[in-house]
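A.B. asks: Just so it is clear, I am handing over coords-v4.pdb, which has PDB, C-alpha atoms.
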ATOM      1  CA  MET J   1      65.708-194.295  43.220
ATOM      2  CA  LEU J   2      69.467-194.564  42.735
ATOM      3  CA  ALA J   3      70.898-197.915  41.665
ATOM      4  CA  GLY J   4      74.257-199.291  40.552
ATOM      5  CA  ARG J   5      75.341-201.324  37.527
ATOM      6  CA  LYS J   6      78.817-202.828  37.102
ATOM      7  CA  TYR J   7      80.278-204.063  33.807
ATOM      8  CA  ARG J   8      83.669-205.315  32.616
ATOM      9  CA  LEU J   9      85.527-202.925  30.350
ATOM     10  CA  GLU J  10      87.492-204.034  27.306
ATOM     11  CA  PHE J  11      90.264-201.437  27.117
ATOM     12  CA  ASP J  12      92.823-201.567  24.341
ATOM     13  CA  PHE J  13      96.532-201.387  25.176
ATOM     14  CA  GLY J  14      96.686-197.578  25.083
ATOM     15  CA  GLN J  15      93.569-197.180  27.209
ATOM     16  CA  ARG J  16      94.876-199.633  29.833
ATOM     17  CA  ALA J  17      98.166-197.751  30.069
ATOM     18  CA  PHE J  18      96.384-194.411  30.394
ATOM     19  CA  ALA J  19      94.022-195.838  33.032
ATOM     20  CA  GLU J  20      97.013-196.951  35.119
ATOM     21  CA  ARG J  21      98.575-193.500  34.737
ATOM     22  CA  LEU J  22      95.332-191.757  35.654
ATOM     23  CA  GLY J  23      94.940-193.964  38.720
ATOM     24  CA  GLY J  24      98.460-193.018  39.803
ATOM     25  CA  ILE J  25      97.692-189.309  39.356
ATOM     26  CA  CYS J  26      94.565-189.605  41.512
ATOM     27  CA  ARG J  27      96.562-191.463  44.168
ATOM     28  CA  ALA J  28      99.218-188.737  44.172
ATOM     29  CA  VAL J  29      96.581-185.985  44.443
ATOM     30  CA  TRP J  30      94.905-187.807  47.352
ATOM     31  CA  ASN J  31      98.159-188.333  49.279
ATOM     32  CA  THR J  32      99.388-184.787  48.639
ATOM     33  CA  GLY J  33      96.063-183.303  49.693
ATOM     34  CA  LEU J  34      96.004-185.444  52.836
ATOM     35  CA  GLU J  35      99.539-184.406  53.801
ATOM     36  CA  GLN J  36      98.604-180.759  53.244
ATOM     37  CA  ARG J  37      95.556-181.093  55.490
ATOM     38  CA  ARG J  38      97.598-182.756  58.226
ATOM     39  CA  ASP J  39     100.232-180.027  57.992
ATOM     40  CA  TYR J  40      97.524-177.395  58.438
ATOM     41  CA  ARG J  41      96.112-179.265  61.428
ATOM     42  CA  ARG J  42      99.547-179.355  63.080
ATOM     43  CA  ARG J  43      99.541-175.560  62.951
ATOM     44  CA  GLY J  44      96.001-175.374  64.278
ATOM     45  CA  GLU J  45      94.539-174.250  60.923
ATOM     46  CA  TRP J  46      92.101-175.701  58.403
ATOM     47  CA  ILE J  47      92.017-175.938  54.610
ATOM     48  CA  ASN J  48      88.874-176.853  52.695
ATOM     49  CA  TYR J  49      88.021-178.337  49.312
ATOM     50  CA  ALA J  50      87.647-174.987  47.522
ATOM     51  CA  GLU J  51      91.126-173.818  48.553
ATOM     52  CA  GLN J  52      92.721-177.073  47.491
ATOM     53  CA  CYS J  53      91.000-176.937  44.094
ATOM     54  CA  GLY J  54      92.356-173.425  43.580
ATOM     55  CA  GLN J  55      95.858-174.560  44.458
ATOM     56  CA  LEU J  56      95.461-177.542  42.151
ATOM     57  CA  ALA J  57      94.704-175.218  39.239
ATOM     58  CA  GLU J  58      97.823-173.209  40.047
ATOM     59  CA  ALA J  59      99.921-176.376  40.286
ATOM     60  CA  LYS J  60      98.979-177.348  36.718
ATOM     61  CA  LYS J  61     100.809-174.217  35.489
ATOM     62  CA  ASP J  62     104.046-175.287  37.175
ATOM     63  CA  PRO J  63     106.431-177.000  34.723
ATOM     64  CA  TYR J  64     107.326-179.566  37.398
ATOM     65  CA  CYS J  65     103.654-180.567  37.779
ATOM     66  CA  ASP J  66     102.627-180.564  34.129
ATOM     67  CA  TRP J  67     101.704-184.245  34.485
ATOM     68  CA  LEU J  68      98.543-183.121  36.296
ATOM     69  CA  ALA J  69      97.225-181.743  33.007
ATOM     70  CA  ASP J  70      97.158-185.275  31.564
ATOM     71  CA  ALA J  71      94.180-186.145  33.777
ATOM     72  CA  PRO J  72      90.637-184.828  33.199
ATOM     73  CA  ALA J  73      90.027-181.917  35.567
ATOM     74  CA  GLN J  74      86.769-183.350  36.901
ATOM     75  CA  VAL J  75      88.481-186.630  37.877
ATOM     76  CA  ILE J  76      91.223-185.141  40.067
ATOM     77  CA  GLN J  77      88.759-182.611  41.507
ATOM     78  CA  GLN J  78      86.555-185.539  42.476
ATOM     79  CA  SER J  79      89.528-187.095  44.297
ATOM     80  CA  LEU J  80      89.857-183.917  46.362
ATOM     81  CA  LYS J  81      86.117-183.912  46.996
ATOM     82  CA  ASP J  82      86.227-187.530  48.229
ATOM     83  CA  LEU J  83      89.161-186.606  50.461
ATOM     84  CA  ASP J  84      87.243-183.661  51.889
ATOM     85  CA  GLU J  85      84.230-185.861  52.634
ATOM     86  CA  ALA J  86      86.402-188.531  54.288
ATOM     87  CA  CYS J  87      88.182-185.958  56.477
ATOM     88  CA  ARG J  88      84.909-184.394  57.568
ATOM     89  CA  LYS J  89      83.396-187.781  58.374
ATOM     90  CA  HIS J  90      86.331-189.570  60.036
ATOM     91  CA  GLY J  91      88.825-186.827  60.879
ATOM     92  CA  THR J  92      92.068-185.874  59.157
ATOM     93  CA  TRP J  93      94.254-188.177  61.254
ATOM     94  CA  LYS J  94      92.111-191.286  60.676
ATOM     95  CA  VAL J  95      92.064-191.082  56.878
ATOM     96  CA  HIS J  96      94.567-193.539  55.347
ATOM     97  CA  TRP J  97      97.148-193.026  52.656
ATOM     98  CA  LYS J  98      96.692-194.760  49.324
ATOM     99  CA  SER J  99      99.556-197.220  48.950
ATOM    100  CA  LYS J 100     100.795-198.098  45.474
ATOM    101  CA  ALA J 101     101.135-201.772  46.459
ATOM    102  CA  LYS J 102      97.816-202.254  48.272
ATOM    103  CA  TRP J 103      95.501-199.702  46.621
ATOM    104  CA  ARG J 104      93.561-200.716  43.525
ATOM    105  CA  PRO J 105      93.519-197.909  40.905
ATOM    106  CA  SER J 106      90.141-196.214  40.585
ATOM    107  CA  PHE J 107      88.760-192.848  39.503
ATOM    108  CA  ARG J 108      85.320-191.317  39.045
ATOM    109  CA  PHE J 109      83.646-189.265  36.325
ATOM    110  CA  PRO J 110      80.959-187.240  38.146
ATOM    111  CA  THR J 111      79.410-185.445  35.144
ATOM    112  CA  ALA J 112      76.734-187.495  33.394
ATOM    113  CA  GLY J 113      76.660-185.184  30.347
ATOM    114  CA  HIS J 114      80.190-186.287  29.404
ATOM    115  CA  LEU J 115      79.327-190.010  29.546
ATOM    116  CA  PRO J 116      77.187-191.034  26.555
ATOM    117  CA  VAL J 117      76.391-194.748  26.547
ATOM    118  CA  GLU J 118      75.397-196.737  23.459
ATOM    119  CA  ARG J 119      74.483-200.366  22.802
ATOM    120  CA  ILE J 120      76.442-201.680  19.820
ATOM    121  CA  ALA J 121      75.459-205.354  19.962
ATOM    122  CA  ARG J 122      73.254-207.726  21.906
ATOM    123  CA  LYS J 123      75.900-208.248  24.593
ATOM    124  CA  TRP J 124      78.136-205.253  24.021
ATOM    125  CA  GLY J 125      77.922-201.543  24.707
ATOM    126  CA  ARG J 126      80.282-198.615  24.644
ATOM    127  CA  VAL J 127      80.774-195.471  26.702
ATOM    128  CA  PHE J 128      82.654-192.289  25.876
ATOM    129  CA  LEU J 129      85.129-191.398  28.638
ATOM    130  CA  PRO J 130      86.948-188.020  28.571
ATOM    131  CA  LYS J 131      90.533-188.404  27.248
ATOM    132  CA  PHE J 132      89.882-192.139  26.733
ATOM    133  CA  GLY J 133      87.531-191.988  23.800
ATOM    134  CA  TRP J 134      85.017-194.761  23.211
ATOM    135  CA  ALA J 135      85.530-197.810  25.414
ATOM    136  CA  ARG J 136      83.675-201.085  24.980
ATOM    137  CA  PHE J 137      82.135-202.978  27.878
ATOM    138  CA  ARG J 138      80.250-206.241  28.152
ATOM    139  CA  MET J 139      76.614-205.351  28.748
ATOM    140  CA  SER J 140      75.651-208.319  30.897
ATOM    141  CA  ARG J 141      72.393-206.601  31.907
ATOM    142  CA  PRO J 142      70.454-203.532  30.690
ATOM    143  CA  LEU J 143      71.202-200.199  32.305
ATOM    144  CA  GLY J 144      67.558-199.557  33.135
ATOM    145  CA  GLY J 145      67.922-195.890  34.015
ATOM    146  CA  THR J 146      69.635-192.547  33.454
ATOM    147  CA  VAL J 147      73.366-192.437  34.149
ATOM    148  CA  LYS J 148      74.395-190.002  36.904
ATOM    149  CA  SER J 149      78.121-190.813  37.245
ATOM    150  CA  ALA J 150      80.633-193.553  36.485
ATOM    151  CA  THR J 151      83.558-195.075  38.401
ATOM    152  CA  VAL J 152      86.371-196.968  36.668
ATOM    153  CA  SER J 153      88.390-199.423  38.765
ATOM    154  CA  ARG J 154      90.783-202.312  38.298
ATOM    155  CA  ASP J 155      90.229-205.687  39.957
ATOM    156  CA  GLY J 156      93.038-208.112  39.212
ATOM    157  CA  ARG J 157      93.838-208.004  35.503
ATOM    158  CA  HIS J 158      90.511-206.549  34.389
ATOM    159  CA  TRP J 159      89.049-203.058  34.428
ATOM    160  CA  PHE J 160      85.419-202.452  35.380
ATOM    161  CA  ILE J 161      83.032-199.542  35.130
ATOM    162  CA  SER J 162      80.277-198.922  37.684
ATOM    163  CA  PHE J 163      77.390-196.659  36.685
ATOM    164  CA  LEU J 164      75.343-194.788  39.255
ATOM    165  CA  LEU J 165      71.918-194.271  37.690
ATOM    166  CA  ASP J 166      68.407-193.172  38.435
ATOM    167  CA  ASP J 167      66.012-196.015  37.623
ATOM    168  CA  GLY J 168      62.937-193.781  37.774
ATOM    169  CA  ILE J 169      61.265-195.788  40.575
ATOM    170  CA  ALA J 170      59.865-193.582  43.306
ATOM    171  CA  GLU J 171      61.033-194.473  46.793
ATOM    172  CA  ARG J 172      58.284-195.367  49.252
ATOM    173  CA  GLU J 173      57.721-192.748  51.913
ATOM    174  CA  LYS J 174      56.021-195.344  54.114
ATOM    175  CA  HIS J 175      56.595-199.060  54.331
ATOM    176  CA  ALA J 176      53.877-201.232  52.848
ATOM    177  CA  CYS J 177      53.552-203.100  56.123
ATOM    178  CA  SER J 178      52.232-200.954  58.950
ATOM    179  CA  GLU J 179      53.294-203.425  61.660
ATOM    180  CA  TRP J 180      56.858-204.338  62.493
ATOM    181  CA  ALA J 181      58.247-207.560  63.943
ATOM    182  CA  GLY J 182      61.692-208.808  64.878
ATOM    183  CA  VAL J 183      62.913-212.197  63.650
ATOM    184  CA  ASP J 184      65.368-214.459  65.483
ATOM    185  CA  ARG J 185      66.973-217.227  63.446
ATOM    186  CA  GLY J 186      68.090-220.317  65.294
ATOM    187  CA  VAL J 187      69.148-223.942  65.011
ATOM    188  CA  VAL J 188      66.428-225.864  66.869
ATOM    189  CA  THR J 189      63.745-223.559  65.488
ATOM    190  CA  ALA J 190      64.243-222.023  62.065
ATOM    191  CA  ALA J 191      62.759-218.614  62.947
ATOM    192  CA  VAL J 192      60.799-217.012  65.778
ATOM    193  CA  THR J 193      59.176-213.604  65.525
ATOM    194  CA  SER J 194      58.994-211.067  68.337
ATOM    195  CA  ASP J 195      55.269-211.721  68.771
ATOM    196  CA  GLY J 196      55.897-215.400  69.603
ATOM    197  CA  GLU J 197      55.227-217.105  66.257
ATOM    198  CA  PHE J 198      57.347-220.169  65.418
ATOM    199  CA  PHE J 199      58.266-220.921  61.797
ATOM    200  CA  ASP J 200      59.569-224.429  61.471
ATOM    201  CA  ARG J 201      58.710-227.718  59.865
ATOM    202  CA  ARG J 202      58.041-229.350  63.255
ATOM    203  CA  HIS J 203      55.887-226.483  64.549
ATOM    204  CA  ALA J 204      53.675-226.197  61.509
ATOM    205  CA  GLY J 205      50.085-227.258  61.949
ATOM    206  CA  THR J 206      47.949-229.072  59.452
ATOM    207  CA  GLY J 207      46.632-225.867  57.891
ATOM    208  CA  ALA J 208      49.495-223.410  58.461
ATOM    209  CA  VAL J 209      53.265-223.074  58.232
ATOM    210  CA  SER J 210      53.709-221.669  61.723
ATOM    211  CA  SER J 211      52.525-222.141  65.285
ATOM    212  CA  ARG J 212      51.967-219.880  68.269
ATOM    213  CA  GLN J 213      52.968-222.541  70.758
ATOM    214  CA  LEU J 214      56.168-224.530  71.046
ATOM    215  CA  PRO J 215      55.155-228.231  70.954
ATOM    216  CA  ARG J 216      56.350-230.621  73.630
ATOM    217  CA  GLU J 217      59.057-232.920  72.341
ATOM    218  CA  THR J 218      60.105-236.405  73.431
ATOM    219  CA  LYS J 219      63.276-238.324  72.779
ATOM    220  CA  GLN J 220      61.539-240.275  70.045
ATOM    221  CA  ASP J 221      60.490-237.024  68.364
ATOM    222  CA  ARG J 222      64.081-235.813  68.341
ATOM    223  CA  LYS J 223      65.203-239.159  66.950
ATOM    224  CA  ASP J 224      62.612-239.219  64.181
ATOM    225  CA  ASP J 225      62.938-235.524  63.326
ATOM    226  CA  LEU J 226      64.729-234.955  60.026
ATOM    227  CA  GLY J 227      64.615-231.171  60.130
ATOM    228  CA  TYR J 228      64.639-229.906  56.551
ATOM    229  CA  LEU J 229      66.221-233.063  55.125
ATOM    230  CA  SER J 230      64.335-235.471  52.947
ATOM    231  CA  PRO J 231      64.413-239.188  53.954
ATOM    232  CA  GLY J 232      67.008-239.888  51.248
ATOM    233  CA  GLU J 233      69.216-237.005  52.341
ATOM    234  CA  ALA J 234      68.965-238.122  55.964
ATOM    235  CA  ASN J 235      70.093-241.661  55.075
ATOM    236  CA  ARG J 236      73.026-240.317  53.052
ATOM    237  CA  CYS J 237      73.995-238.011  55.918
ATOM    238  CA  LEU J 238      73.953-240.976  58.318
ATOM    239  CA  ARG J 239      76.185-243.026  55.996
ATOM    240  CA  LEU J 240      78.674-240.181  55.701
ATOM    241  CA  GLN J 241      78.760-239.729  59.467
ATOM    242  CA  ARG J 242      79.499-243.436  59.954
ATOM    243  CA  GLN J 243      82.206-243.269  57.297
ATOM    244  CA  LEU J 244      83.750-240.264  59.030
ATOM    245  CA  ALA J 245      83.706-242.062  62.398
ATOM    246  CA  ARG J 246      85.698-244.992  60.935
ATOM    247  CA  THR J 247      88.236-242.758  59.183
ATOM    248  CA  LYS J 248      91.720-242.512  60.676
ATOM    249  CA  LYS J 249      93.568-239.228  60.856
ATOM    250  CA  GLY J 250      95.910-238.617  57.970
TER     251      GLY J 250
END
If you convert what's in this file into structure tokens, what do you get?

C.D. replies:
Amino acid sequence: MLAGRKYRLEFDFGQRAFAERLGGICRAVWNTGLEQRRDYRRRGEWINYAEQCGQLAEAKKDPYCDWLADAPAQVIQQSLKDLDEACRKHGTWKVHWKSKAKWRPSFRFPTAGHLPVERIARKWGRVFLPKFGWARFRMSRPLGGTVKSATVSRDGRHWFISFLLDDGIAEREKHACSEWAGVDRGVVTAAVTSDGEFFDRRHAGTGAVSSRQLPRETKQDRKDDLGYLSPGEANRCLRLQRQLARTKKG
């Protein structure tokens, strides 16, 4: 079964600068590829991922686009692949541009063979990223599986890495419970299932936590009912309500 793990990276100054540059390259490739697709659609034609990858390889040979060679090939190809998937799913005209001001830099390494991960201390690990070298990250929890891909993104001032991994747990083909029931959560009653079973403190019998019948309530029952509050919490809530009632605005 596939799972995700996210850790905070500890880039040095050079790695942070290169990560910002690589994020800008991926943004430029996305926007250029989107504009090209829209231009094709205006003419009633279609361009796919394979054609754009071929044109990307040709663009790297152009002296005016030599900056594309600074990025790992698999990273910018993955940007085109994500663009192709988004256009097929939502349509070319509904896919948004990536704004420099609003978009958070991110890029993905899809090849697991190029991403060796090592633990170097009890709370620290390191991963080898193409053209970055070894980068440390705070291993707040074990990986617990085989790495399939990695995504690097910036959130605020910090950079993070998210691993997609296979934890080796087989997914159930059939749910353990053979019967299904809907649950409705409410205020008066905590939960009611579709087969008419009430789960609430007031509806619980002496030997169970639920009841099949809604008990008849009187005004005294509503007055004495504390819901899920303990007697001490109920008294404190009453004092706070009285204090709020005597408070003047401002």

A.B. asks: With the file shown as input, list the residues that the PyMOL selection byres ((chain J and resi 24-36) around 7) selects, as a VMD selection string.

C.D. replies: chain J and resid 20 to 23 37 to 40 68 76 79 to 80 83 97 to 98 107

A.B. asks: When the PyMOL selection byres ((chain J and resi 110-123) around 12) is applied to the structure above, which residues does it catch, written out as JSON, numbers by chain?

C.D. replies: {"J": [7, 8, 72, 73, 74, 75, 76, 77, 78, 79, 81, 82, 107, 108, 109, 124, 125, 126, 127, 128, 129, 130, 131, 132, 133, 134, 135, 136, 137, 138, 139, 140, 141, 142, 143, 145, 146, 147, 148, 149, 150, 151, 152, 161, 162, 163, 164, 165, 166]}

A.B. asks: For a test of reading the model, state the distance in Å between CA of Ala245 (chain J) and CA of Asp200 (chain J), rounded to one decimal.

C.D. replies: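 For CA of Ala245 (chain J) relative to CA of Asp200 (chain J), the distance reads 29.9 Å.
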
A.B. asks: Could you give me, as a ChimeraX atom specification, the residues within 7 Å of Ser194 (chain J), counting all atoms listed in the file and dropping anything in the same chain fewer than 3 positions from it?

C.D. replies: /J:181-183

A.B. asks: I'd like the interatomic distance between CA of Trp103 (chain J) and CA of Asp70 (chain J), to a tenth of an Å.

C.D. replies: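 The value is 20.9 Å.
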
A.B. asks: Kindly give the distance, in Å, that separates CA of Ala50 (chain J) and CA of Asp66 (chain J), rounded to a single decimal.

C.D. replies: 20.9 Å

A.B. asks: Have a look at J:Gly250, J:Asp155, J:Gln243, J:Leu238 and name the one nearest to Lys102 (chain J); count all atoms listed in the file.

C.D. replies: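 Of J:Gly250, J:Asp155, J:Gln243, J:Leu238, the one nearest Lys102 (chain J), counting all atoms listed in the file, is J:Asp155.
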
A.B. asks: Would you list the contacts of Phe198 (chain J) as a PyMOL selection string, taking every protein, DNA or RNA residue within 7 Å and counting only C-alpha atoms, but skipping same-chain residues closer than 4 positions in sequence?

C.D. replies: chain J and resi 191-193+203+210-212

A.B. asks: Restricting the calculation to only C-alpha atoms: of J:Tyr49, J:Gly54, J:Ala71, J:Gly144, which residue gets closest to Asp84 (chain J)?

C.D. replies: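 Among the listed residues, J:Tyr49 lies closest to Asp84 (chain J).
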